[in-house]
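Quick look at data.txt (compact mmCIF, C-alpha atoms (C1' of nucleotides)):
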# COMPACT_ATOMS: atom_id res chain seq x y z
CA MET A 1 -23.77 39.70 -78.48
CA TYR A 2 -23.12 40.60 -82.09
CA GLU A 3 -25.07 43.83 -81.57
CA LEU A 4 -22.91 46.01 -83.76
CA PHE A 5 -22.61 43.31 -86.39
CA PHE A 6 -26.35 43.08 -86.85
CA HIS A 7 -26.78 46.80 -86.55
CA LYS A 8 -24.42 47.33 -89.47
CA PHE A 9 -25.94 44.45 -91.37
CA ASN A 10 -29.44 45.89 -91.03
CA GLU A 11 -28.22 49.26 -92.26
CA LYS A 12 -27.40 47.57 -95.53
CA VAL A 13 -30.02 44.78 -95.71
CA ASN A 14 -32.99 44.42 -93.44
CA LEU A 15 -33.23 41.07 -91.68
CA SER A 16 -36.16 39.33 -90.04
CA LYS A 17 -35.61 37.79 -86.61
CA GLU A 18 -35.59 34.35 -88.23
CA GLU A 19 -32.90 35.39 -90.67
CA GLU A 20 -30.82 36.84 -87.87
CA GLU A 21 -31.08 33.49 -86.14
CA VAL A 22 -29.82 31.62 -89.17
CA ILE A 23 -26.87 33.94 -89.46
CA LYS A 24 -26.09 33.80 -85.76
CA GLN A 25 -25.61 30.08 -86.02
CA HIS A 26 -22.79 30.66 -88.47
CA LEU A 27 -20.91 33.23 -86.40
CA THR A 28 -18.13 32.70 -83.87
CA PRO A 29 -17.08 35.27 -81.29
CA LYS A 30 -13.41 35.79 -80.59
CA LYS A 31 -11.45 38.00 -78.25
CA LEU A 32 -7.98 39.21 -79.00
CA ARG A 33 -5.47 40.82 -76.65
CA LYS A 34 -3.42 43.76 -77.80
CA LYS A 35 -0.54 42.64 -80.05
CA GLN A 36 -2.06 39.20 -80.63
CA TYR A 37 -2.22 37.92 -84.19
CA LEU A 38 -5.44 37.17 -85.95
CA LEU A 39 -3.50 36.06 -89.02
CA GLN A 40 0.14 35.56 -89.86
CA GLU A 41 1.70 35.77 -93.29
CA GLY A 42 2.06 32.29 -94.72
CA ASP A 43 -0.95 30.83 -92.94
CA VAL A 44 -4.22 30.45 -94.77
CA CYS A 45 -6.79 33.06 -93.79
CA LYS A 46 -9.70 31.10 -92.34
CA HIS A 47 -12.06 33.92 -91.43
CA ILE A 48 -13.60 37.21 -92.28
CA ALA A 49 -13.50 39.25 -89.08
CA PHE A 50 -15.98 41.91 -88.09
CA VAL A 51 -14.77 44.24 -85.32
CA GLU A 52 -17.28 44.63 -82.48
CA LYS A 53 -14.79 46.38 -80.26
CA GLY A 54 -11.14 47.42 -80.35
CA ALA A 55 -8.81 48.04 -83.27
CA LEU A 56 -6.69 45.93 -85.61
CA LYS A 57 -4.31 46.45 -88.47
CA ALA A 58 -3.37 44.47 -91.56
CA TYR A 59 0.19 44.90 -92.81
CA VAL A 60 3.08 43.47 -94.78
CA VAL A 61 6.66 43.17 -93.60
CA ASP A 62 9.59 43.61 -96.00
CA ASP A 63 13.00 41.92 -95.97
CA ALA A 64 14.43 44.62 -93.72
CA GLY A 65 11.61 44.05 -91.24
CA ALA A 66 9.76 47.29 -91.98
CA GLU A 67 5.98 47.18 -91.68
CA SER A 68 3.64 48.75 -94.23
CA ILE A 69 0.09 49.06 -93.02
CA ILE A 70 -2.53 48.08 -95.58
CA GLN A 71 -5.63 48.66 -93.51
CA PHE A 72 -6.90 49.68 -90.11
CA ALA A 73 -10.14 48.30 -88.70
CA LEU A 74 -12.03 49.89 -85.85
CA GLU A 75 -15.48 49.06 -84.50
CA GLY A 76 -17.91 48.27 -87.27
CA TRP A 77 -15.24 47.51 -89.86
CA VAL A 78 -14.38 44.22 -91.50
CA ILE A 79 -10.85 42.90 -91.87
CA SER A 80 -9.38 39.85 -93.57
CA ASP A 81 -6.88 38.73 -96.18
CA LEU A 82 -9.64 38.27 -98.71
CA TYR A 83 -7.44 36.78 -101.39
CA SER A 84 -6.19 34.09 -99.06
CA PHE A 85 -9.67 33.54 -97.64
CA LEU A 86 -11.24 33.00 -101.05
CA THR A 87 -8.48 31.04 -102.76
CA GLY A 88 -6.99 29.09 -99.86
CA GLU A 89 -3.53 30.37 -100.81
CA PRO A 90 -1.13 31.40 -98.01
CA ALA A 91 -1.78 34.89 -96.70
CA THR A 92 0.54 37.73 -97.67
CA TYR A 93 -0.77 39.94 -94.90
CA ASN A 94 -0.41 39.88 -91.14
CA ILE A 95 -3.31 41.00 -89.00
CA ASP A 96 -2.98 41.85 -85.32
CA ALA A 97 -4.68 43.78 -82.57
CA LEU A 98 -3.75 47.40 -81.80
CA GLU A 99 -6.00 47.26 -78.75
CA ASP A 100 -7.83 44.46 -76.97
CA ALA A 101 -10.57 43.49 -79.40
CA GLU A 102 -13.80 41.56 -79.73
CA LEU A 103 -14.44 40.05 -83.11
CA VAL A 104 -17.20 38.24 -84.94
CA LEU A 105 -15.75 35.58 -87.20
CA ILE A 106 -17.25 34.09 -90.33
CA SER A 107 -15.49 30.92 -91.43
CA LYS A 108 -15.12 29.84 -95.03
CA SER A 109 -17.77 27.12 -94.70
CA ALA A 110 -20.15 29.48 -92.92
CA HIS A 111 -19.59 32.02 -95.67
CA GLU A 112 -20.33 29.50 -98.38
CA GLU A 113 -23.42 28.14 -96.71
CA LEU A 114 -24.83 31.57 -96.07
CA LEU A 115 -24.26 32.50 -99.70
CA LYS A 116 -26.24 29.44 -100.73
CA LYS A 117 -29.04 29.65 -98.18
CA LEU A 118 -29.62 33.32 -97.68
CA PRO A 119 -29.86 35.70 -100.62
CA LYS A 120 -29.71 38.66 -98.26
CA TYR A 121 -26.30 37.53 -97.11
CA GLU A 122 -25.01 37.72 -100.64
CA THR A 123 -26.45 41.21 -100.92
CA TYR A 124 -24.76 42.22 -97.69
CA ILE A 125 -21.43 40.93 -98.92
CA ARG A 126 -21.86 42.63 -102.26
CA LEU A 127 -22.58 45.97 -100.63
CA GLN A 128 -19.80 45.54 -98.12
CA ILE A 129 -17.19 44.81 -100.73
CA THR A 130 -18.46 47.56 -103.01
CA GLY A 131 -18.00 50.08 -100.22
CA ALA A 132 -14.52 48.76 -99.53
CA TYR A 133 -13.63 48.96 -103.20
CA ILE A 134 -14.77 52.56 -103.51
CA ALA A 135 -12.89 53.57 -100.37
CA LEU A 136 -9.74 51.88 -101.63
CA GLN A 137 -10.04 53.56 -104.99
CA LYS A 138 -10.25 56.95 -103.31
CA ARG A 139 -7.20 56.17 -101.24
CA LEU A 140 -5.25 55.18 -104.30
CA THR A 141 -6.40 58.22 -106.23
CA SER A 142 -5.22 60.50 -103.50
CA MET A 143 -1.89 58.64 -103.37
CA ILE A 144 -1.09 59.15 -107.03
CA SER A 145 -2.61 62.57 -107.57
CA LEU A 146 -2.29 64.71 -104.44
CA PRO A 147 0.63 66.37 -102.67
CA LEU A 148 1.51 64.94 -99.28
CA GLU A 149 -0.13 67.60 -97.22
CA GLU A 150 -3.46 67.17 -99.00
CA ARG A 151 -3.29 63.44 -98.56
CA TYR A 152 -2.75 63.85 -94.86
CA LYS A 153 -5.60 66.33 -94.54
CA ASN A 154 -7.89 63.95 -96.42
CA PHE A 155 -6.91 61.19 -94.08
CA LEU A 156 -7.67 63.29 -91.01
CA ALA A 157 -11.01 64.40 -92.43
CA LEU A 158 -11.99 60.85 -93.38
CA TYR A 159 -10.74 58.99 -90.32
CA PRO A 160 -10.48 61.39 -87.38
CA ASN A 161 -11.08 58.48 -85.03
CA ILE A 162 -8.13 56.51 -86.39
CA ALA A 163 -5.90 59.55 -86.09
CA GLN A 164 -6.82 59.77 -82.41
CA ARG A 165 -6.36 56.15 -81.49
CA VAL A 166 -3.35 55.15 -83.52
CA PRO A 167 0.28 56.33 -83.14
CA GLN A 168 1.49 58.63 -85.87
CA HIS A 169 4.21 56.38 -87.14
CA MET A 170 1.49 53.90 -88.11
CA ILE A 171 -0.36 56.55 -90.02
CA ALA A 172 2.91 57.33 -91.78
CA SER A 173 3.23 53.64 -92.62
CA TYR A 174 -0.36 53.58 -93.91
CA MET A 175 0.52 56.51 -96.16
CA GLY A 176 3.73 54.91 -97.39
CA LEU A 177 5.99 57.40 -95.58
CA THR A 178 8.61 57.39 -92.88
CA PRO A 179 7.55 58.74 -89.46
CA GLU A 180 10.06 61.59 -89.86
CA THR A 181 8.51 62.76 -93.09
CA LEU A 182 5.00 62.79 -91.65
CA SER A 183 6.27 64.64 -88.62
CA ARG A 184 7.79 67.32 -90.85
CA VAL A 185 4.60 67.63 -92.89
CA ARG A 186 2.71 68.24 -89.68
CA SER A 187 5.15 70.81 -88.40
CA ARG A 188 5.01 72.67 -91.73
CA MET A 189 1.21 72.64 -91.55
CA SER A 190 1.03 74.04 -88.05
CA SER A 191 3.77 76.65 -88.49
CA ARG A 192 2.37 77.95 -91.77
CA LYS A 193 -1.11 78.30 -90.29
CA MET B 194 -22.56 40.60 -130.38
CA TYR B 195 -21.63 40.67 -126.71
CA GLU B 196 -19.55 37.52 -127.22
CA LEU B 197 -16.76 38.46 -124.86
CA PHE B 198 -19.18 39.82 -122.28
CA PHE B 199 -21.04 36.53 -122.02
CA HIS B 200 -17.88 34.52 -122.25
CA LYS B 201 -16.52 36.35 -119.20
CA PHE B 202 -19.86 36.17 -117.45
CA ASN B 203 -20.07 32.42 -117.91
CA GLU B 204 -16.58 31.99 -116.53
CA LYS B 205 -17.92 33.37 -113.27
CA VAL B 206 -21.55 32.23 -113.30
CA ASN B 207 -23.06 29.79 -115.73
CA LEU B 208 -26.10 31.09 -117.59
CA SER B 209 -28.85 29.26 -119.45
CA LYS B 210 -29.81 30.54 -122.89
CA GLU B 211 -32.97 32.02 -121.39
CA GLU B 212 -31.02 33.90 -118.77
CA GLU B 213 -28.66 35.23 -121.42
CA GLU B 214 -31.69 36.53 -123.27
CA VAL B 215 -32.99 38.37 -120.24
CA ILE B 216 -29.62 40.00 -119.73
CA LYS B 217 -29.21 40.88 -123.41
CA GLN B 218 -32.36 42.93 -123.24
CA HIS B 219 -30.73 45.13 -120.64
CA LEU B 220 -27.51 45.77 -122.51
CA THR B 221 -26.66 48.56 -124.95
CA PRO B 222 -23.76 48.45 -127.37
CA LYS B 223 -21.64 51.54 -127.88
CA LYS B 224 -18.68 52.41 -130.07
CA LEU B 225 -16.12 55.00 -129.10
CA ARG B 226 -13.47 56.61 -131.26
CA LYS B 227 -9.97 57.12 -129.90
CA LYS B 228 -9.84 60.15 -127.56
CA GLN B 229 -13.64 60.27 -127.17
CA TYR B 230 -15.01 60.57 -123.67
CA LEU B 231 -17.19 57.95 -122.10
CA LEU B 232 -17.50 60.08 -118.97
CA GLN B 233 -16.39 63.55 -117.95
CA GLU B 234 -15.70 64.75 -114.44
CA GLY B 235 -18.75 66.55 -113.11
CA ASP B 236 -21.29 64.53 -115.09
CA VAL B 237 -23.14 61.70 -113.44
CA CYS B 238 -21.86 58.29 -114.45
CA LYS B 239 -24.82 56.59 -116.13
CA HIS B 240 -23.27 53.26 -117.03
CA ILE B 241 -21.03 50.41 -116.18
CA ALA B 242 -19.00 49.70 -119.30
CA PHE B 243 -17.63 46.33 -120.35
CA VAL B 244 -14.87 46.48 -122.96
CA GLU B 245 -15.48 44.14 -125.91
CA LYS B 246 -12.71 45.69 -127.97
CA GLY B 247 -10.17 48.49 -127.64
CA ALA B 248 -8.76 50.24 -124.59
CA LEU B 249 -9.86 52.99 -122.22
CA LYS B 250 -8.48 54.82 -119.24
CA ALA B 251 -10.00 56.45 -116.17
CA TYR B 252 -8.14 59.42 -114.72
CA VAL B 253 -8.28 62.57 -112.66
CA VAL B 254 -6.91 65.96 -113.68
CA ASP B 255 -5.35 68.31 -111.13
CA ASP B 256 -5.39 72.12 -111.05
CA ALA B 257 -2.22 72.30 -113.11
CA GLY B 258 -3.82 70.09 -115.75
CA ALA B 259 -1.77 66.99 -115.00
CA GLU B 260 -3.49 63.63 -115.49
CA SER B 261 -3.25 60.77 -113.02
CA ILE B 262 -4.44 57.49 -114.39
CA ILE B 263 -6.61 55.49 -111.99
CA GLN B 264 -7.34 52.52 -114.19
CA PHE B 265 -6.80 51.04 -117.62
CA ALA B 266 -9.37 48.77 -119.22
CA LEU B 267 -8.62 46.46 -122.12
CA GLU B 268 -10.81 43.76 -123.65
CA GLY B 269 -12.73 41.84 -121.02
CA TRP B 270 -12.38 44.49 -118.32
CA VAL B 271 -15.05 46.67 -116.77
CA ILE B 272 -14.70 50.40 -116.28
CA SER B 273 -16.87 53.00 -114.58
CA ASP B 274 -16.94 55.65 -111.89
CA LEU B 275 -18.66 53.30 -109.51
CA TYR B 276 -19.19 55.84 -106.78
CA SER B 277 -20.96 58.22 -109.12
CA PHE B 278 -22.90 55.38 -110.74
CA LEU B 279 -24.23 54.09 -107.44
CA THR B 280 -24.89 57.38 -105.65
CA GLY B 281 -25.84 59.66 -108.54
CA GLU B 282 -23.22 62.19 -107.39
CA PRO B 283 -21.11 63.97 -110.02
CA ALA B 284 -18.19 61.90 -111.25
CA THR B 285 -14.68 62.71 -110.07
CA TYR B 286 -13.10 60.64 -112.85
CA ASN B 287 -12.82 61.12 -116.57
CA ILE B 288 -12.96 58.09 -118.82
CA ASP B 289 -11.89 58.13 -122.45
CA ALA B 290 -10.74 55.83 -125.22
CA LEU B 291 -7.06 55.10 -125.83
CA GLU B 292 -8.02 53.24 -128.99
CA ASP B 293 -11.24 52.87 -130.93
CA ALA B 294 -13.42 50.76 -128.69
CA GLU B 295 -16.57 48.70 -128.57
CA LEU B 296 -18.39 48.67 -125.27
CA VAL B 297 -21.31 46.95 -123.65
CA LEU B 298 -23.17 49.34 -121.40
CA ILE B 299 -25.34 48.56 -118.41
CA SER B 300 -27.48 51.49 -117.31
CA LYS B 301 -28.48 52.19 -113.74
CA SER B 302 -32.04 51.02 -114.27
CA ALA B 303 -30.87 47.89 -116.10
CA HIS B 304 -28.48 47.21 -113.24
CA GLU B 305 -31.20 47.54 -110.65
CA GLU B 306 -33.70 45.43 -112.53
CA LEU B 307 -31.20 42.68 -113.11
CA LEU B 308 -30.28 42.66 -109.44
CA LYS B 309 -33.94 42.18 -108.61
CA LYS B 310 -34.87 39.68 -111.28
CA LEU B 311 -31.79 37.56 -111.68
CA PRO B 312 -29.91 36.21 -108.68
CA LYS B 313 -27.06 35.12 -110.94
CA TYR B 314 -26.52 38.71 -111.96
CA GLU B 315 -25.96 39.68 -108.37
CA THR B 316 -23.48 36.85 -108.04
CA TYR B 317 -21.67 38.02 -111.17
CA ILE B 318 -21.45 41.55 -109.83
CA ARG B 319 -20.26 40.32 -106.45
CA LEU B 320 -17.49 38.25 -108.00
CA GLN B 321 -16.54 41.00 -110.39
CA ILE B 322 -16.17 43.60 -107.68
CA THR B 323 -14.37 41.18 -105.39
CA GLY B 324 -11.78 40.57 -108.08
CA ALA B 325 -11.41 44.31 -108.63
CA TYR B 326 -11.01 44.89 -104.90
CA ILE B 327 -8.29 42.29 -104.55
CA ALA B 328 -6.41 43.65 -107.56
CA LEU B 329 -6.63 47.17 -106.20
CA GLN B 330 -5.41 46.06 -102.81
CA LYS B 331 -2.38 44.44 -104.40
CA ARG B 332 -1.64 47.58 -106.35
CA LEU B 333 -1.85 49.67 -103.21
CA THR B 334 0.29 47.24 -101.26
CA SER B 335 3.00 47.39 -103.85
CA MET B 336 2.78 51.21 -103.87
CA ILE B 337 3.40 51.58 -100.17
CA SER B 338 5.79 48.71 -99.59
CA LEU B 339 8.01 48.17 -102.64
CA PRO B 340 10.87 50.11 -104.22
CA LEU B 341 10.12 51.63 -107.60
CA GLU B 342 11.91 49.06 -109.65
CA GLU B 343 10.00 46.21 -108.05
CA ARG B 344 6.72 48.00 -108.59
CA TYR B 345 7.50 48.42 -112.25
CA LYS B 346 8.51 44.78 -112.64
CA ASN B 347 5.28 43.71 -110.94
CA PHE B 348 3.33 45.87 -113.31
CA LEU B 349 5.04 44.37 -116.36
CA ALA B 350 4.51 40.84 -115.06
CA LEU B 351 0.85 41.48 -114.27
CA TYR B 352 -0.11 43.50 -117.32
CA PRO B 353 2.30 42.77 -120.17
CA ASN B 354 -0.46 43.58 -122.65
CA ILE B 355 -1.02 47.04 -121.21
CA ALA B 356 2.71 47.74 -121.29
CA GLN B 357 2.68 46.93 -125.00
CA ARG B 358 -0.32 48.96 -126.04
CA VAL B 359 -0.02 52.03 -123.88
CA PRO B 360 2.63 54.79 -124.06
CA GLN B 361 5.10 54.79 -121.20
CA HIS B 362 4.21 58.18 -119.85
CA MET B 363 0.74 56.80 -119.09
CA ILE B 364 2.22 53.91 -117.20
CA ALA B 365 4.27 56.45 -115.25
CA SER B 366 1.07 58.32 -114.50
CA TYR B 367 -0.63 55.10 -113.39
CA MET B 368 2.28 54.53 -111.02
CA GLY B 369 2.17 58.08 -109.69
CA LEU B 370 5.49 59.07 -111.31
CA THR B 371 6.77 61.52 -113.89
CA PRO B 372 7.66 60.07 -117.31
CA GLU B 373 11.30 61.05 -116.73
CA THR B 374 11.52 59.04 -113.54
CA LEU B 375 10.08 55.94 -115.15
CA SER B 376 12.45 56.32 -118.06
CA ARG B 377 15.41 56.44 -115.66
CA VAL B 378 14.19 53.39 -113.78
CA ARG B 379 14.05 51.53 -117.06
CA SER B 380 17.52 52.61 -118.12
CA ARG B 381 18.94 51.58 -114.75
CA MET B 382 17.26 48.19 -115.12
CA SER B 383 18.62 47.51 -118.61
CA SER B 384 22.13 48.81 -117.95
CA ARG B 385 22.54 46.85 -114.74
CA LYS B 386 21.40 43.63 -116.45
C1' DT C 387 7.19 54.58 -57.96
C1' DC C 388 10.82 53.60 -61.05
C1' DC C 389 12.63 51.67 -65.16
C1' DA C 390 12.21 50.39 -69.78
C1' DT C 391 9.69 51.16 -74.01
C1' DT C 392 7.59 53.61 -77.22
C1' DC C 393 7.01 57.72 -79.54
C1' DA C 394 7.36 62.29 -81.87
C1' DT C 395 10.46 65.69 -83.10
C1' DT C 396 14.68 67.80 -84.89
C1' DG C 397 19.21 68.26 -87.28
C1' DA C 398 22.67 66.98 -90.69
C1' DC C 399 23.40 64.61 -94.53
C1' DA C 400 22.35 61.20 -98.52
C1' DA C 401 19.39 59.38 -101.91
C1' DA C 402 15.41 59.62 -104.76
C1' DA C 403 12.21 61.95 -107.51
C1' DG C 404 10.63 66.17 -109.80
C1' DT C 405 11.42 70.14 -113.05
C1' DC C 406 12.96 72.32 -117.08
C1' DA C 407 14.99 72.20 -121.41
C1' DA C 408 16.86 70.06 -125.44
C1' DT C 409 17.22 66.22 -128.78
C1' DG C 410 15.96 62.88 -132.04
C1' DG C 411 12.94 59.47 -133.46
C1' DT C 412 8.07 58.09 -134.27
C1' DT C 413 3.59 58.49 -135.63
C1' DT C 414 -0.33 61.22 -137.24
C1' DT C 415 -2.41 64.56 -139.85
C1' DT C 416 -3.02 67.38 -143.58
C1' DA D 417 5.44 64.06 -148.86
C1' DA D 418 5.88 67.58 -145.60
C1' DA D 419 4.53 69.50 -141.29
C1' DA D 420 2.90 68.90 -136.82
C1' DA D 421 2.21 66.45 -132.71
C1' DC D 422 3.68 62.99 -129.73
C1' DC D 423 6.97 60.43 -127.31
C1' DA D 424 11.15 58.58 -124.81
C1' DT D 425 15.48 59.78 -123.32
C1' DT D 426 19.16 62.54 -121.25
C1' DG D 427 21.51 66.29 -118.63
C1' DA D 428 21.73 69.88 -115.13
C1' DC D 429 19.66 71.44 -111.33
C1' DT D 430 16.04 71.78 -107.42
C1' DT D 431 13.01 69.92 -104.21
C1' DT D 432 11.35 66.24 -101.64
C1' DT D 433 11.92 62.29 -98.99
C1' DG D 434 14.72 58.91 -96.56
C1' DT D 435 18.45 57.70 -93.20
C1' DC D 436 20.87 57.98 -89.04
C1' DA D 437 21.45 59.77 -84.63
C1' DA D 438 20.10 62.25 -80.55
C1' DT D 439 16.71 64.18 -77.33
C1' DG D 440 12.95 64.57 -74.29
C1' DA D 441 8.21 63.47 -73.33
C1' DA D 442 4.72 60.13 -72.46
C1' DT D 443 3.31 55.42 -71.49
C1' DG D 444 3.12 51.02 -69.56
C1' DG D 445 4.77 47.26 -66.60
C1' DA D 446 7.03 45.43 -62.73

Kindly present the structure from the file in structure tokens form.
Amino acid sequence: MYELFFHKFNEKVNLSKEEEEVIKQHLTPKKLRKKQYLLQEGDVCKHIAFVEKGALKAYVVDDAGAESIIQFALEGWVISDLYSFLTGEPATYNIDALEDAELVLISKSAHEELLKKLPKYETYIRLQITGAYIALQKRLTSMISLPLEERYKNFLALYPNIAQRVPQHMIASYMGLTPETLSRVRSRMSSRK
Amino acid sequence: MYELFFHKFNEKVNLSKEEEEVIKQHLTPKKLRKKQYLLQEGDVCKHIAFVEKGALKAYVVDDAGAESIIQFALEGWVISDLYSFLTGEPATYNIDALEDAELVLISKSAHEELLKKLPKYETYIRLQITGAYIALQKRLTSMISLPLEERYKNFLALYPNIAQRVPQHMIASYMGLTPETLSRVRSRMSSRK
DNA sequence: TCCATTCATTGACAAAAGTCAATGGTTTTT
DNA sequence: AAAAACCATTGACTTTTGTCAATGAATGGA
């Protein structure tokens, strides 16, 4: 239990067995069936979720009911509405399962206690969020500076595993496009090659 | 010297006078004239820069020479090519001054020593990057989910001070638009009101 | 196995955004 | 003070993307 979680943790910060024990006591496992919500817009986000198995997405829904996908999370990734989690404000994101999933949850109180008790936990969080920030900055840079086709190629190169497991209309949504437009980009790419 | 830097620091994490002294010894002041570079694409980013005074921008330049602005930084903000700073890889961003500026620089070695010596510094960095992550996520969310006019209104509401000090074609660039398109959005907004 | 969904693709058309060029008003520089 | 550079706006036109509708393939449940 929690194998992948601690594997990833130890890649960033090396833990002794005793430290792993302390952390374990603050974790909660949770299983989610496909299409189940982890978080709904309007509720307060109570957890940071680490994905041991399966796949989830975070997204917003507009007035017309159209989804825009903010983030995917496969095995080894972390997902949450961080703003809601940290401030206690209602979430603006929905999070649900694309496939049956096994999660490791860290509650707000667990998070706060670990920050106090265990300096290595703070380091882990710092490194985790730094990586997420850099990845997000690259995504944004490619959004504002690259033509569509390049953006799509970048996506495929960066997340080949997502491209395989997730339907294309969700990738379109993640890129801020309609499914039709992404489909046409793809057909242009394959015909011109 | 460093007034704003420590003011902002203390808003996040409270420092004793002794701790402030330790940090001070790791800081370097730097002045930049308008249009001067702090960092050029291809060089390694050697510093995290805190803006005491003035305004800077980070941006990429495409093959055709067009700039896309990744980030603005006014007084109290931090700017850097974090990926290059942390990995030592060549920077993909350029950073230069929009106005004469006074900066507080933290070098790589200073950063690493402070992380080791001063737990509160790590906390400061964690909170800083968390705030930057959340802001970036909001920006991205609005990019993929909102119509242009809403995005522009959000920008004005969030950064009225940037809108005042920065030419509009740079705001267009920051939004991933041409100056003409932003101009037409604005004229539509004012005529329809 | 069959039926209902979900999905990707395509076509025709509409709307949005980009491009190019010109104008006039600022600001900056010399 | 004059000249140069910068900037925002507008018009005419092109290209890109979105919308709506239809089709056929694949998928998943009953």

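Surrounding residues of (-19.6, 35.1, -116.5) at most 10 Å away are Leu197, Phe198, Phe199, His200, Lys201, Phe202, Asn203, Glu204, Lys205, Val206, Asn207, Leu208, Lys313, Tyr314, Thr316, Tyr317, Ile318, Leu320 and Gln321 of chain B (based on all atoms listed in the file).
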
> When you draw a straight line from CA of Ala49 in chain A to CA of Gln36 in chain A, how long is it in Å?
Replying inline: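 Atom-to-atom, CA of Ala49 in chain A to CA of Gln36 in chain A, that is 14.2 Å.
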
For the contact check between chain A and chain D, emit one row per residue of chain A within 10 Å, containing the shortest atom pair and the distance in Å rounded to one decimal, counting only C-alpha atoms (C1' of nucleotides), chain then rising number order, as a tab-separated table.
residue	atom	partner	partner_atom	distance
A:Leu177	CA	D:DT433	C1'	8.4
A:Thr178	CA	D:DG434	C1'	7.3
A:Glu180	CA	D:DG434	C1'	8.6
A:Thr181	CA	D:DT433	C1'	6.8

> Could you write out as number ranges by chain the residues of chain C within 12 Å of chain A, counting all atoms listed in the file?
Replying inline: C: 392-397

Using all atoms listed in the file, find each residue of chain B with at least one atom at most 7 Å away from an atom of chain A; report its shortest atom-to-atom pair and that distance in Å (one decimal), sort the rows by chain and rising residue number, and return the result as a Markdown table.
| residue | atom | partner | partner_atom | distance |
| --- | --- | --- | --- | --- |
| B:Ser261 | CA | A:Ser145 | CA | 5.8 |
| B:Ile263 | CA | A:Thr141 | CA | 6.4 |
| B:Tyr276 | CA | A:Ile134 | CA | 6.4 |
| B:Arg319 | CA | A:Arg126 | CA | 5.0 |
| B:Ile322 | CA | A:Thr130 | CA | 6.5 |
| B:Thr323 | CA | A:Ile129 | CA | 6.5 |
| B:Tyr326 | CA | A:Tyr133 | CA | 5.1 |
| B:Ile327 | CA | A:Tyr83 | CA | 6.4 |
| B:Leu333 | CA | A:Leu140 | CA | 6.6 |
| B:Thr334 | CA | A:Ile70 | CA | 6.4 |
| B:Ile337 | CA | A:Gly176 | CA | 4.4 |
| B:Ser338 | CA | A:Ser68 | CA | 5.8 |
| B:Met368 | CA | A:Ile144 | CA | 7.0 |
| B:Gly369 | CA | A:Ile144 | CA | 4.3 |

>> Report, in Å with one decimal, the straight-line distance from CA of Glu21 in chain A to CA of Leu118 in chain A.
In response: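 Value for the CA of Glu21 in chain A-CA of Leu118 in chain A distance: 11.6 Å.
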
Please determine the residues with any atom at most 8 Å from (-8.9, 38.2, -91.9) (coordinates as given in the file, with only C-alpha atoms (C1' of nucleotides) counting) and report them as a tab-separated table (two decimals) with C-alpha atoms, in the coordinates of the input.
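selection-v3.tsv, written as the output of this step:
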chain	number	residue	atom	x	y	z
A	38	LEU	CA	-5.44	37.17	-85.95
A	39	LEU	CA	-3.50	36.06	-89.02
A	45	CYS	CA	-6.79	33.06	-93.79
A	46	LYS	CA	-9.70	31.10	-92.34
A	47	HIS	CA	-12.06	33.92	-91.43
A	48	ILE	CA	-13.60	37.21	-92.28
A	49	ALA	CA	-13.50	39.25	-89.08
A	79	ILE	CA	-10.85	42.90	-91.87
A	80	SER	CA	-9.38	39.85	-93.57
A	81	ASP	CA	-6.88	38.73	-96.18
A	82	LEU	CA	-9.64	38.27	-98.71
A	85	PHE	CA	-9.67	33.54	-97.64
A	95	ILE	CA	-3.31	41.00	-89.00

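CA of Leu105 in chain A sits 18.2 Å away from CA of Lys117 in chain A.
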
> Which residues come within 8 Å of Lys31 in chain A, counting all atoms listed in the file, excluding same-chain residues fewer than 4 positions away, as a ChimeraX atom specification?
Replying inline: /A:100-103

>> I want to know what sits within 8 Å of Phe265 in chain B, based on only C-alpha atoms (C1' of nucleotides), with residues of the same chain fewer than 4 positions away left out; could you give that as JSON, numbers by chain?
In response: {"B": [248, 249, 250, 251, 355]}

Your completed range 141-147 of chain A with N, CA and C atoms, as a compact mmCIF listing (two decimals), keeping the file's coordinate frame:
# COMPACT_ATOMS: atom_id res chain seq x y z
N THR A 141 -6.35 56.99 -105.46
CA THR A 141 -6.40 58.22 -106.23
C THR A 141 -5.66 59.33 -105.51
N SER A 142 -5.88 59.44 -104.22
CA SER A 142 -5.22 60.50 -103.50
C SER A 142 -3.71 60.23 -103.42
N MET A 143 -3.32 58.96 -103.37
CA MET A 143 -1.89 58.64 -103.37
C MET A 143 -1.18 59.07 -104.64
N ILE A 144 -1.81 58.85 -105.78
CA ILE A 144 -1.09 59.15 -107.03
C ILE A 144 -1.33 60.57 -107.52
N SER A 145 -2.30 61.27 -106.97
CA SER A 145 -2.61 62.57 -107.57
C SER A 145 -2.46 63.77 -106.64
N LEU A 146 -2.33 63.55 -105.34
CA LEU A 146 -2.29 64.71 -104.44
C LEU A 146 -0.94 64.87 -103.76
N PRO A 147 -0.57 66.13 -103.45
CA PRO A 147 0.63 66.37 -102.67
C PRO A 147 0.42 65.85 -101.24
